[in-house]
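Enquirer: Coordinates in work-v4.pdb, PDB, C-alpha atoms, are listed below.
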```pdb
ATOM      1  CA  MET A  16     110.514 101.226 104.037
ATOM      2  CA  ALA A  17     109.208  99.337 101.069
ATOM      3  CA  ARG A  18     111.884  97.827  98.894
ATOM      4  CA  ILE A  19     112.599  99.346  95.522
ATOM      5  CA  ARG A  20     115.088  98.662  92.789
ATOM      6  CA  VAL A  21     117.808 101.230  92.263
ATOM      7  CA  ARG A  22     120.968 101.530  90.282
ATOM      8  CA  HIS A  23     124.181 100.525  92.024
ATOM      9  CA  THR A  24     126.398 103.374  93.122
ATOM     10  CA  ARG A  25     129.948 103.571  91.921
ATOM     11  CA  ILE A  26     131.475 100.879  94.132
ATOM     12  CA  VAL A  27     134.842 101.141  92.389
ATOM     13  CA  SER A  28     135.349 104.590  93.873
ATOM     14  CA  LEU A  29     134.717 103.209  97.347
ATOM     15  CA  LEU A  30     137.344 100.549  96.971
ATOM     16  CA  ALA A  31     139.816 103.093  95.655
ATOM     17  CA  LEU A  32     139.126 105.379  98.578
ATOM     18  CA  SER A  33     139.722 102.540 101.019
ATOM     19  CA  ALA A  34     143.410 102.677 100.130
ATOM     20  CA  VAL A  35     143.486 106.339 101.094
ATOM     21  CA  LEU A  36     141.973 105.517 104.469
ATOM     22  CA  ALA A  37     144.121 102.519 105.345
ATOM     23  CA  PRO A  38     146.004 104.400 108.084
ATOM     24  CA  LEU A  39     142.693 105.313 109.698
ATOM     25  CA  THR A  40     141.408 101.762 109.861
ATOM     26  CA  GLY A  41     144.387  99.969 111.370
ATOM     27  CA  CYS A  42     145.122  97.858 108.338
ATOM     28  CA  GLY A  43     148.712  97.253 109.380
ATOM     29  CA  ALA A  44     150.068  94.227 111.193
ATOM     30  CA  GLY A  45     148.334  95.212 114.410
ATOM     31  CA  GLY A  46     144.847  95.172 112.881
ATOM     32  CA  THR A  47     142.023  97.448 113.920
ATOM     33  CA  ALA A  48     142.295  98.697 117.459
ATOM     34  CA  PRO A  49     139.424  97.516 119.694
ATOM     35  CA  VAL A  50     136.846 100.156 120.477
ATOM     36  CA  ALA A  51     134.647 100.144 123.554
ATOM     37  CA  GLY A  52     131.051  99.498 122.598
ATOM     38  CA  PRO A  53     128.256 101.990 123.027
ATOM     39  CA  GLY A  54     127.151 102.294 126.606
ATOM     40  CA  ALA A  55     130.605 101.378 127.931
ATOM     41  CA  ALA A  56     131.586 103.828 130.662
ATOM     42  CA  GLY A  57     128.668 106.018 129.620
ATOM     43  CA  ARG A  58     129.948 106.407 126.054
ATOM     44  CA  GLU A  59     127.328 107.538 123.552
ATOM     45  CA  PRO A  60     126.857 105.437 120.404
ATOM     46  CA  VAL A  61     128.542 106.780 117.278
ATOM     47  CA  VAL A  62     126.173 106.394 114.340
ATOM     48  CA  VAL A  63     126.697 106.893 110.612
ATOM     49  CA  ALA A  64     123.560 107.006 108.467
ATOM     50  CA  THR A  65     123.491 106.884 104.698
ATOM     51  CA  THR A  66     120.759 109.558 104.409
ATOM     52  CA  THR A  67     118.888 112.015 106.602
ATOM     53  CA  TRP A  68     116.002 109.538 106.765
ATOM     54  CA  GLU A  69     118.067 106.899 108.575
ATOM     55  CA  GLY A  70     119.739 109.710 110.495
ATOM     56  CA  ALA A  71     116.375 110.950 111.736
ATOM     57  CA  PHE A  72     115.450 107.464 112.923
ATOM     58  CA  ALA A  73     118.767 107.282 114.779
ATOM     59  CA  ARG A  74     118.243 110.693 116.383
ATOM     60  CA  ALA A  75     114.702 109.753 117.387
ATOM     61  CA  ALA A  76     116.082 106.598 119.003
ATOM     62  CA  GLY A  77     118.350 108.688 121.231
ATOM     63  CA  ALA A  78     121.635 108.821 119.308
ATOM     64  CA  GLU A  79     123.305 112.237 119.540
ATOM     65  CA  ASP A  80     126.487 111.575 117.555
ATOM     66  CA  VAL A  81     124.974 111.042 114.096
ATOM     67  CA  THR A  82     126.820 111.611 110.814
ATOM     68  CA  VAL A  83     124.874 111.578 107.539
ATOM     69  CA  LEU A  84     126.719 110.679 104.348
ATOM     70  CA  VAL A  85     124.346 111.742 101.575
ATOM     71  CA  PRO A  86     123.361 115.442 101.646
ATOM     72  CA  PRO A  87     119.603 116.191 101.623
ATOM     73  CA  SER A  88     120.051 117.933  98.262
ATOM     74  CA  VAL A  89     120.775 114.556  96.604
ATOM     75  CA  ARG A  90     117.368 113.195  95.634
ATOM     76  CA  HIS A  91     118.653 109.778  94.517
ATOM     77  CA  ALA A  92     121.021 108.490  97.166
ATOM     78  CA  PRO A  93     122.667 105.740  95.033
ATOM     79  CA  ASP A  94     123.946 108.464  92.704
ATOM     80  CA  TYR A  95     126.013 109.963  95.501
ATOM     81  CA  GLU A  96     129.798 109.742  95.123
ATOM     82  CA  PRO A  97     131.320 108.974  98.565
ATOM     83  CA  LYS A  98     134.261 111.051  99.789
ATOM     84  CA  PRO A  99     137.279 110.014 101.886
ATOM     85  CA  SER A 100     135.724 111.857 104.845
ATOM     86  CA  ASP A 101     132.669 109.596 104.569
ATOM     87  CA  LEU A 102     134.756 106.456 104.871
ATOM     88  CA  ALA A 103     136.702 107.996 107.745
ATOM     89  CA  ALA A 104     133.418 108.568 109.579
ATOM     90  CA  VAL A 105     132.324 104.979 108.950
ATOM     91  CA  ALA A 106     135.676 103.693 110.220
ATOM     92  CA  LYS A 107     134.966 105.268 113.627
ATOM     93  CA  ALA A 108     131.305 104.308 113.892
ATOM     94  CA  ASP A 109     129.613 101.865 116.224
ATOM     95  CA  PHE A 110     126.649 101.507 113.876
ATOM     96  CA  VAL A 111     126.128 102.105 110.151
ATOM     97  CA  LEU A 112     122.471 102.551 109.241
ATOM     98  CA  TYR A 113     121.205 101.916 105.724
ATOM     99  CA  ALA A 114     117.998 101.028 103.889
ATOM    100  CA  PRO A 115     117.404  97.777 101.989
ATOM    101  CA  PHE A 116     117.297  99.712  98.715
ATOM    102  CA  GLU A 117     120.840 101.000  99.362
ATOM    103  CA  PRO A 118     122.946  97.892  98.597
ATOM    104  CA  TYR A 119     126.193  99.875  98.627
ATOM    105  CA  ALA A 120     126.154 100.359 102.433
ATOM    106  CA  ALA A 121     128.001  97.100 103.090
ATOM    107  CA  LYS A 122     130.638  98.109 100.523
ATOM    108  CA  ILE A 123     131.122 101.424 102.308
ATOM    109  CA  LYS A 124     131.706  99.619 105.580
ATOM    110  CA  GLU A 125     134.059  97.128 103.927
ATOM    111  CA  ALA A 126     136.057  99.847 102.208
ATOM    112  CA  ALA A 127     136.356 101.766 105.474
ATOM    113  CA  GLY A 128     137.609  98.711 107.365
ATOM    114  CA  SER A 129     135.040  99.400 110.060
ATOM    115  CA  ARG A 130     133.972  97.061 112.831
ATOM    116  CA  ALA A 131     130.666  98.893 113.070
ATOM    117  CA  GLU A 132     127.440  96.953 113.205
ATOM    118  CA  LEU A 133     125.594  97.265 109.910
ATOM    119  CA  VAL A 134     121.900  97.900 110.672
ATOM    120  CA  GLU A 135     119.162  97.756 108.064
ATOM    121  CA  VAL A 136     116.465 100.325 108.828
ATOM    122  CA  GLY A 137     112.871  99.885 107.743
ATOM    123  CA  LEU A 138     112.167 103.335 106.322
ATOM    124  CA  ASP A 139     108.426 103.655 106.667
ATOM    125  CA  ASN A 140     106.787 106.773 108.072
ATOM    126  CA  ASP A 141     103.634 104.938 109.030
ATOM    127  CA  PRO A 142     103.492 106.006 112.709
ATOM    128  CA  ALA A 143     103.081 102.484 114.095
ATOM    129  CA  VAL A 144     105.950 101.142 111.993
ATOM    130  CA  ALA A 145     108.207 104.134 112.647
ATOM    131  CA  GLY A 146     107.565 104.014 116.377
ATOM    132  CA  ALA A 147     108.417 100.314 116.559
ATOM    133  CA  GLU A 148     111.584 100.840 114.504
ATOM    134  CA  VAL A 149     112.755 103.674 116.743
ATOM    135  CA  LEU A 150     112.244 101.492 119.829
ATOM    136  CA  ARG A 151     114.243  98.697 118.167
ATOM    137  CA  LEU A 152     117.114 101.059 117.407
ATOM    138  CA  GLY A 153     117.003 102.388 120.960
ATOM    139  CA  GLY A 154     117.509  98.831 122.165
ATOM    140  CA  LEU A 155     120.543  98.430 119.902
ATOM    141  CA  PHE A 156     122.029 101.784 120.901
ATOM    142  CA  GLY A 157     121.439 101.387 124.637
ATOM    143  CA  THR A 158     119.116 104.421 124.572
ATOM    144  CA  LYS A 159     115.767 102.760 125.272
ATOM    145  CA  ASP A 160     114.457 105.520 127.527
ATOM    146  CA  ALA A 161     115.128 108.259 124.977
ATOM    147  CA  ALA A 162     113.499 106.172 122.240
ATOM    148  CA  ALA A 163     110.418 105.598 124.383
ATOM    149  CA  ARG A 164     110.111 109.312 125.108
ATOM    150  CA  TRP A 165     110.285 110.089 121.398
ATOM    151  CA  LYS A 166     107.622 107.511 120.601
ATOM    152  CA  ASP A 167     105.327 109.186 123.125
ATOM    153  CA  ARG A 168     105.919 112.508 121.332
ATOM    154  CA  LEU A 169     105.177 110.846 117.990
ATOM    155  CA  ASP A 170     101.897 109.388 119.267
ATOM    156  CA  ARG A 171     100.766 112.743 120.640
ATOM    157  CA  GLU A 172     101.759 114.598 117.468
ATOM    158  CA  VAL A 173     100.021 112.128 115.164
ATOM    159  CA  THR A 174      96.842 112.317 117.254
ATOM    160  CA  ARG A 175      96.910 116.120 117.083
ATOM    161  CA  LEU A 176      97.573 116.254 113.336
ATOM    162  CA  ASN A 177      94.954 113.629 112.579
ATOM    163  CA  GLY A 178      92.373 115.677 114.468
ATOM    164  CA  GLU A 179      93.268 118.828 112.529
ATOM    165  CA  LEU A 180      93.106 117.016 109.186
ATOM    166  CA  ARG A 181      89.768 115.392 109.941
ATOM    167  CA  ALA A 182      88.398 118.818 110.787
ATOM    168  CA  ALA A 183      89.574 119.981 107.336
ATOM    169  CA  TRP A 184      87.783 117.234 105.371
ATOM    170  CA  PRO A 185      85.797 118.869 102.551
ATOM    171  CA  GLY A 186      82.111 118.559 103.381
ATOM    172  CA  GLY A 187      83.035 116.706 106.574
ATOM    173  CA  ARG A 188      83.645 113.459 104.681
ATOM    174  CA  SER A 189      86.819 111.386 104.414
ATOM    175  CA  PRO A 190      88.276 112.132 100.963
ATOM    176  CA  ALA A 191      89.180 109.418  98.452
ATOM    177  CA  VAL A 192      92.871 109.434  97.560
ATOM    178  CA  VAL A 193      95.340 107.621  95.326
ATOM    179  CA  SER A 194      98.793 107.310  96.912
ATOM    180  CA  GLN A 195     102.235 106.529  95.658
ATOM    181  CA  VAL A 196     103.183 103.330  97.482
ATOM    182  CA  PHE A 197     105.661 105.139  99.759
ATOM    183  CA  THR A 198     103.270 107.949 100.739
ATOM    184  CA  ALA A 199     100.369 105.809 101.916
ATOM    185  CA  TRP A 200     101.264 106.785 105.488
ATOM    186  CA  ALA A 201     100.165 110.361 104.702
ATOM    187  CA  ALA A 202      96.714 109.120 103.698
ATOM    188  CA  GLY A 203      96.481 107.373 107.041
ATOM    189  CA  LEU A 204      97.571 110.539 108.829
ATOM    190  CA  ALA A 205      94.694 112.391 107.167
ATOM    191  CA  GLY A 206      92.173 109.626 107.791
ATOM    192  CA  ALA A 207      91.592 109.525 104.038
ATOM    193  CA  ARG A 208      90.239 106.569 102.064
ATOM    194  CA  THR A 209      92.945 105.077  99.850
ATOM    195  CA  VAL A 210      91.190 103.833  96.711
ATOM    196  CA  GLY A 211      94.366 102.920  94.827
ATOM    197  CA  THR A 212      98.152 103.059  94.811
ATOM    198  CA  TYR A 213     100.833 103.362  92.150
ATOM    199  CA  GLY A 214     104.603 103.104  91.749
ATOM    200  CA  PRO A 215     107.421 102.876  92.153
ATOM    201  CA  GLU A 216     107.254 101.839  88.482
ATOM    202  CA  PRO A 217     105.773 104.350  85.986
ATOM    203  CA  VAL A 218     101.993 104.332  85.705
ATOM    204  CA  THR A 219     100.927 102.356  82.632
ATOM    205  CA  PRO A 220      97.990 103.503  80.477
ATOM    206  CA  ALA A 221      95.890 100.637  81.824
ATOM    207  CA  ARG A 222      96.709 101.550  85.423
ATOM    208  CA  LEU A 223      96.031 105.215  84.662
ATOM    209  CA  ALA A 224      92.553 104.348  83.428
ATOM    210  CA  GLU A 225      91.919 102.118  86.417
ATOM    211  CA  LEU A 226      92.971 104.749  88.972
ATOM    212  CA  THR A 227      91.097 107.539  87.199
ATOM    213  CA  ALA A 228      87.934 105.451  87.321
ATOM    214  CA  LYS A 229      88.214 105.448  91.139
ATOM    215  CA  ARG A 230      87.517 109.211  90.986
ATOM    216  CA  PRO A 231      89.961 110.223  93.726
ATOM    217  CA  ALA A 232      89.855 113.760  95.071
ATOM    218  CA  TYR A 233      93.615 113.799  95.685
ATOM    219  CA  VAL A 234      96.801 112.116  94.502
ATOM    220  CA  LEU A 235      99.485 111.859  97.183
ATOM    221  CA  ASP A 236     102.668 111.911  95.135
ATOM    222  CA  ASN A 237     106.154 111.109  96.388
ATOM    223  CA  ALA A 238     108.110 114.362  96.107
ATOM    224  CA  HIS A 239     111.375 112.405  95.905
ATOM    225  CA  MET A 240     110.272 110.209  92.991
ATOM    226  CA  SER A 241     107.796 112.421  91.161
ATOM    227  CA  THR A 242     107.359 111.950  87.429
ATOM    228  CA  GLY A 243     104.994 114.878  86.969
ATOM    229  CA  THR A 244     101.213 114.802  86.860
ATOM    230  CA  VAL A 245     100.129 111.289  87.791
ATOM    231  CA  LEU A 246      96.459 111.313  86.723
ATOM    232  CA  PRO A 247      96.157 113.971  84.006
ATOM    233  CA  GLY A 248      92.607 114.903  83.175
ATOM    234  CA  SER A 249      91.166 113.190  86.237
ATOM    235  CA  GLY A 250      90.440 116.377  88.161
ATOM    236  CA  ALA A 251      92.304 115.008  91.183
ATOM    237  CA  ARG A 252      94.462 117.511  93.035
ATOM    238  CA  GLN A 253      98.063 116.331  93.330
ATOM    239  CA  VAL A 254      99.829 116.816  96.675
ATOM    240  CA  GLY A 255     103.600 116.393  97.007
ATOM    241  CA  ILE A 256     104.528 114.446 100.135
ATOM    242  CA  VAL A 257     108.100 114.697 101.438
ATOM    243  CA  ASN A 258     109.414 111.555 103.149
ATOM    244  CA  TYR A 259     112.960 112.667 103.974
ATOM    245  CA  PRO A 260     113.670 115.029 106.892
ATOM    246  CA  GLY A 261     116.093 117.916 106.499
ATOM    247  CA  GLU A 262     119.515 118.495 107.988
ATOM    248  CA  ASP A 263     117.956 118.924 111.440
ATOM    249  CA  LEU A 264     117.074 115.183 111.350
ATOM    250  CA  ASP A 265     113.651 115.966 112.808
ATOM    251  CA  LEU A 266     111.348 113.133 111.782
ATOM    252  CA  LEU A 267     108.339 114.774 113.437
ATOM    253  CA  ALA A 268     108.754 117.695 111.041
ATOM    254  CA  VAL A 269     107.968 115.298 108.171
ATOM    255  CA  TYR A 270     104.539 114.597 109.660
ATOM    256  CA  ARG A 271     103.898 118.293 110.247
ATOM    257  CA  GLY A 272     104.969 119.105 106.686
ATOM    258  CA  ALA A 273     102.649 116.486 105.208
ATOM    259  CA  ALA A 274      99.750 117.748 107.339
ATOM    260  CA  THR A 275     100.381 121.315 106.162
ATOM    261  CA  GLU A 276     100.303 120.317 102.487
ATOM    262  CA  LEU A 277      97.179 118.191 102.967
ATOM    263  CA  LYS A 278      95.337 120.974 104.781
ATOM    264  CA  LYS A 279      96.215 123.390 101.964
ATOM    265  CA  ALA A 280      94.871 120.959  99.391
ATOM    266  CA  MET A 281      91.669 120.203 101.289
ATOM    267  CA  GLY A 282      91.137 123.884 101.897
ATOM    268  CA  GLY A 283      91.444 124.575  98.183
ATOM    269  CA  SER A 284      94.405 126.961  98.605
TER     270      SER A 284
END
```
In structure tokens, how does this file's structure come out?

Expert:
Amino acid sequence: MARIRVRHTRIVSLLALSAVLAPLTGCGAGGTAPVAGPGAAGREPVVVATTTWEGAFARAAGAEDVTVLVPPSVRHAPDYEPKPSDLAAVAKADFVLYAPFEPYAAKIKEAAGSRAELVEVGLDNDPAVAGAEVLRLGGLFGTKDAAARWKDRLDREVTRLNGELRAAWPGGRSPAVVSQVFTAWAAGLAGARTVGTYGPEPVTPARLAELTAKRPAYVLDNAHMSTGTVLPGSGARQVGIVNYPGEDLDLLAVYRGAATELKKAMGGS
């Protein structure tokens, strides 16, 4: 997804934990034992994802053995304090998935002594971008067919949801919306007209005046980075959009959830 600046996690704790896990990573004279790659003798890829978002992309791409490090309850992933069990999981992984705004992922892999391939995932729920990313991961995992089947499901689901949302347009007209930069995909899902964006930095008074002057009907706020009412006094209805999937790692549920919230807002409920 788009790149944002975040605070570094506590890397010192990772390095300290690496000493605890030395026996697991083959740090003795013999080195790390070679592990057959994914696809060898029908072996499924072992994937570790930093959050449920990367985990959902991995699952969509056809990976079944997916371990997520940061619990969904942690809103700000870089604040998470890794545990020895996390590094143990990384040590056994074929792939470690992370986002570009999670710079600590490489340190986790290093501390775990893993030979896993570190894969940067473009976390963007725009259907075209997400579909392409899932196909790319399927190619890496050796699960191309499963990834292609999921993309077909995504295309059908997006078409269905878009039709439902268009039918819910107030007065039959595409509504004007202001979106947080990481929720613009939800505006596209609804077929709405994006008249402005904001974030991830706080909205300045000048930007507030500029966006209010656009007279949007709705503000699509990022539920994971919300700072409260974005355009106070504008009359725009604020809709919280959730980007991260839950523990079920169902990325399609994110689209359904956004559609539900948008339909509620457009219906006035």

Enquirer: Could you check the closest approach to A:Ala191 for each of A:Pro231, A:Gly154, A:Gly77, A:Gly211 and tell me which residue wins, using all atoms listed in the file?

Expert: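 Distance minimum relative to A:Ala191 lands on A:Pro231.
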
Enquirer: Skipping near chain neighbours, those fewer than 5 positions away, what residues fall within 9 Å of A:Val83 using only C-alpha atoms, listed as a list in words?

Expert: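 The residues satisfying every condition are Val62, Val63, Ala64, Thr65, Thr66, Thr67, Glu69, Gly70, Asp101 and Glu262 of chain A.
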
Enquirer: Got a sec to check which residues sit within 10 Å of (105.4, 112.1, 113.1), counting only C-alpha atoms, and write them as a list of chain:residue names?

Expert: A:Asn140, A:Asp141, A:Pro142, A:Ala143, A:Ala145, A:Gly146, A:Trp165, A:Lys166, A:Arg168, A:Leu169, A:Asp170, A:Arg171, A:Glu172, A:Val173, A:Thr174, A:Leu176, A:Leu204, A:Asp265, A:Leu266, A:Leu267, A:Ala268, A:Val269, A:Tyr270, A:Arg271, A:Gly272, A:Ala273, A:Ala274

Enquirer: Residues as selected, C-alpha atoms, written as a PDB file, keeping the file's coordinate frame, can you do that?

Expert:
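again.pdb was written with the following content:
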```pdb
ATOM      1  CA  ASN A 140     106.787 106.773 108.072  1.00  0.00           C
ATOM      2  CA  ASP A 141     103.634 104.938 109.030  1.00  0.00           C
ATOM      3  CA  PRO A 142     103.492 106.006 112.709  1.00  0.00           C
ATOM      4  CA  ALA A 143     103.081 102.484 114.095  1.00  0.00           C
ATOM      5  CA  ALA A 145     108.207 104.134 112.647  1.00  0.00           C
ATOM      6  CA  GLY A 146     107.565 104.014 116.377  1.00  0.00           C
ATOM      7  CA  TRP A 165     110.285 110.089 121.398  1.00  0.00           C
ATOM      8  CA  LYS A 166     107.622 107.511 120.601  1.00  0.00           C
ATOM      9  CA  ARG A 168     105.919 112.508 121.332  1.00  0.00           C
ATOM     10  CA  LEU A 169     105.177 110.846 117.990  1.00  0.00           C
ATOM     11  CA  ASP A 170     101.897 109.388 119.267  1.00  0.00           C
ATOM     12  CA  ARG A 171     100.766 112.743 120.640  1.00  0.00           C
ATOM     13  CA  GLU A 172     101.759 114.598 117.468  1.00  0.00           C
ATOM     14  CA  VAL A 173     100.021 112.128 115.164  1.00  0.00           C
ATOM     15  CA  THR A 174      96.842 112.317 117.254  1.00  0.00           C
ATOM     16  CA  LEU A 176      97.573 116.254 113.336  1.00  0.00           C
ATOM     17  CA  LEU A 204      97.571 110.539 108.829  1.00  0.00           C
ATOM     18  CA  ASP A 265     113.651 115.966 112.808  1.00  0.00           C
ATOM     19  CA  LEU A 266     111.348 113.133 111.782  1.00  0.00           C
ATOM     20  CA  LEU A 267     108.339 114.774 113.437  1.00  0.00           C
ATOM     21  CA  ALA A 268     108.754 117.695 111.041  1.00  0.00           C
ATOM     22  CA  VAL A 269     107.968 115.298 108.171  1.00  0.00           C
ATOM     23  CA  TYR A 270     104.539 114.597 109.660  1.00  0.00           C
ATOM     24  CA  ARG A 271     103.898 118.293 110.247  1.00  0.00           C
ATOM     25  CA  GLY A 272     104.969 119.105 106.686  1.00  0.00           C
ATOM     26  CA  ALA A 273     102.649 116.486 105.208  1.00  0.00           C
ATOM     27  CA  ALA A 274      99.750 117.748 107.339  1.00  0.00           C
TER      28      ALA A 274
END
```

Enquirer: So what does the PyMOL selection byres ((chain A and resi 205) around 9) actually pick up in this one, as a compact mmCIF listing (two decimals) with C-alpha atoms, in the frame of the given file?

Expert:
```txt
# COMPACT_ATOMS: atom_id res chain seq x y z
CA LEU A 176 97.57 116.25 113.34
CA ASN A 177 94.95 113.63 112.58
CA GLY A 178 92.37 115.68 114.47
CA GLU A 179 93.27 118.83 112.53
CA LEU A 180 93.11 117.02 109.19
CA ARG A 181 89.77 115.39 109.94
CA TRP A 184 87.78 117.23 105.37
CA SER A 189 86.82 111.39 104.41
CA PRO A 190 88.28 112.13 100.96
CA TRP A 200 101.26 106.78 105.49
CA ALA A 201 100.16 110.36 104.70
CA ALA A 202 96.71 109.12 103.70
CA GLY A 203 96.48 107.37 107.04
CA LEU A 204 97.57 110.54 108.83
CA GLY A 206 92.17 109.63 107.79
CA ALA A 207 91.59 109.52 104.04
CA ARG A 208 90.24 106.57 102.06
CA ALA A 274 99.75 117.75 107.34
CA LEU A 277 97.18 118.19 102.97
CA LYS A 278 95.34 120.97 104.78
```

Enquirer: What is the distance between atom CA of A:Ala114 and atom CA of A:Arg175, in Å to one decimal?

Expert: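 These atoms are spaced 29.1 Å apart.
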
Enquirer: Kindly give the distance, in Å, that separates atom CA of A:Asp160 and atom CA of A:Arg58, rounded to a single decimal.

Expert: 15.6 Å

Enquirer: Can you measure atom CA of A:Ala163 to atom CA of A:Gly261 for me? One decimal in Å is fine.

Expert: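 The value is 22.4 Å.
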
Enquirer: Do you know which residues the PyMOL selection byres ((chain A and resi 158) around 12) returns on this file, as number ranges by chain?

Expert: A: 53-54, 57-60, 73-79, 149-157, 159-165

Enquirer: Would you kindly translate the PyMOL selection byres ((chain A and resi 254) around 10) into the concrete residues it picks from this file, as a list in words?

Expert: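 In the shown coordinates, the PyMOL selection byres ((chain A and resi 254) around 10) covers Ser194, Tyr233, Val234, Leu235, Asp236, Asn237, Ala238, Ala251, Arg252, Gln253, Gly255, Ile256, Val257, Ala273, Glu276, Leu277, Lys279, Ala280 and Met281 of chain A.
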
Enquirer: Find the smallest box with edges along x, y and z containing every listed atom of stretch 224-230 of chain A, then add 5 Å on each side and report centre and edge lengths in Å to one decimal, as AutoDock Vina command-line options.

Expert:
```
--center_x 90.2 --center_y 105.7 --center_z 87.3 --size_x 15.5 --size_y 17.1 --size_z 17.7
```

Enquirer: Taking all atoms listed in the file into account, name the residue in A:Ala182, A:Leu133, A:Ala126, A:Ala228 that is nearest to A:Gly248.

Expert: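 The closest residue to A:Gly248 is A:Ala228.
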
Enquirer: Under the rule that only C-alpha atoms are counted, which of A:Asp263, A:Pro220, A:Ala183, A:Leu226 is the nearest residue to A:Val81?

Expert: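 The shortest atom-to-atom distance to A:Val81 comes from A:Asp263.
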
Enquirer: Have a look at A:Thr212, A:Gln195, A:Thr275, A:Asn258 and name the one nearest to A:Leu138; count only C-alpha atoms.

Expert: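 Using only C-alpha atoms, the shortest distance to A:Leu138 belongs to A:Asn258.
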
Enquirer: Pick the closest to A:Glu132 from A:Ala199, A:Val192, A:Val144, A:Val61: which is it, counting only C-alpha atoms?

Expert: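 Using only C-alpha atoms, the shortest distance to A:Glu132 belongs to A:Val61.
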
Enquirer: When distances are computed from all atoms listed in the file, which of A:Leu246, A:Gly137, A:Leu102, A:His239 shows the smallest separation from A:Arg222?

Expert: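 Closest candidate: A:Leu246.
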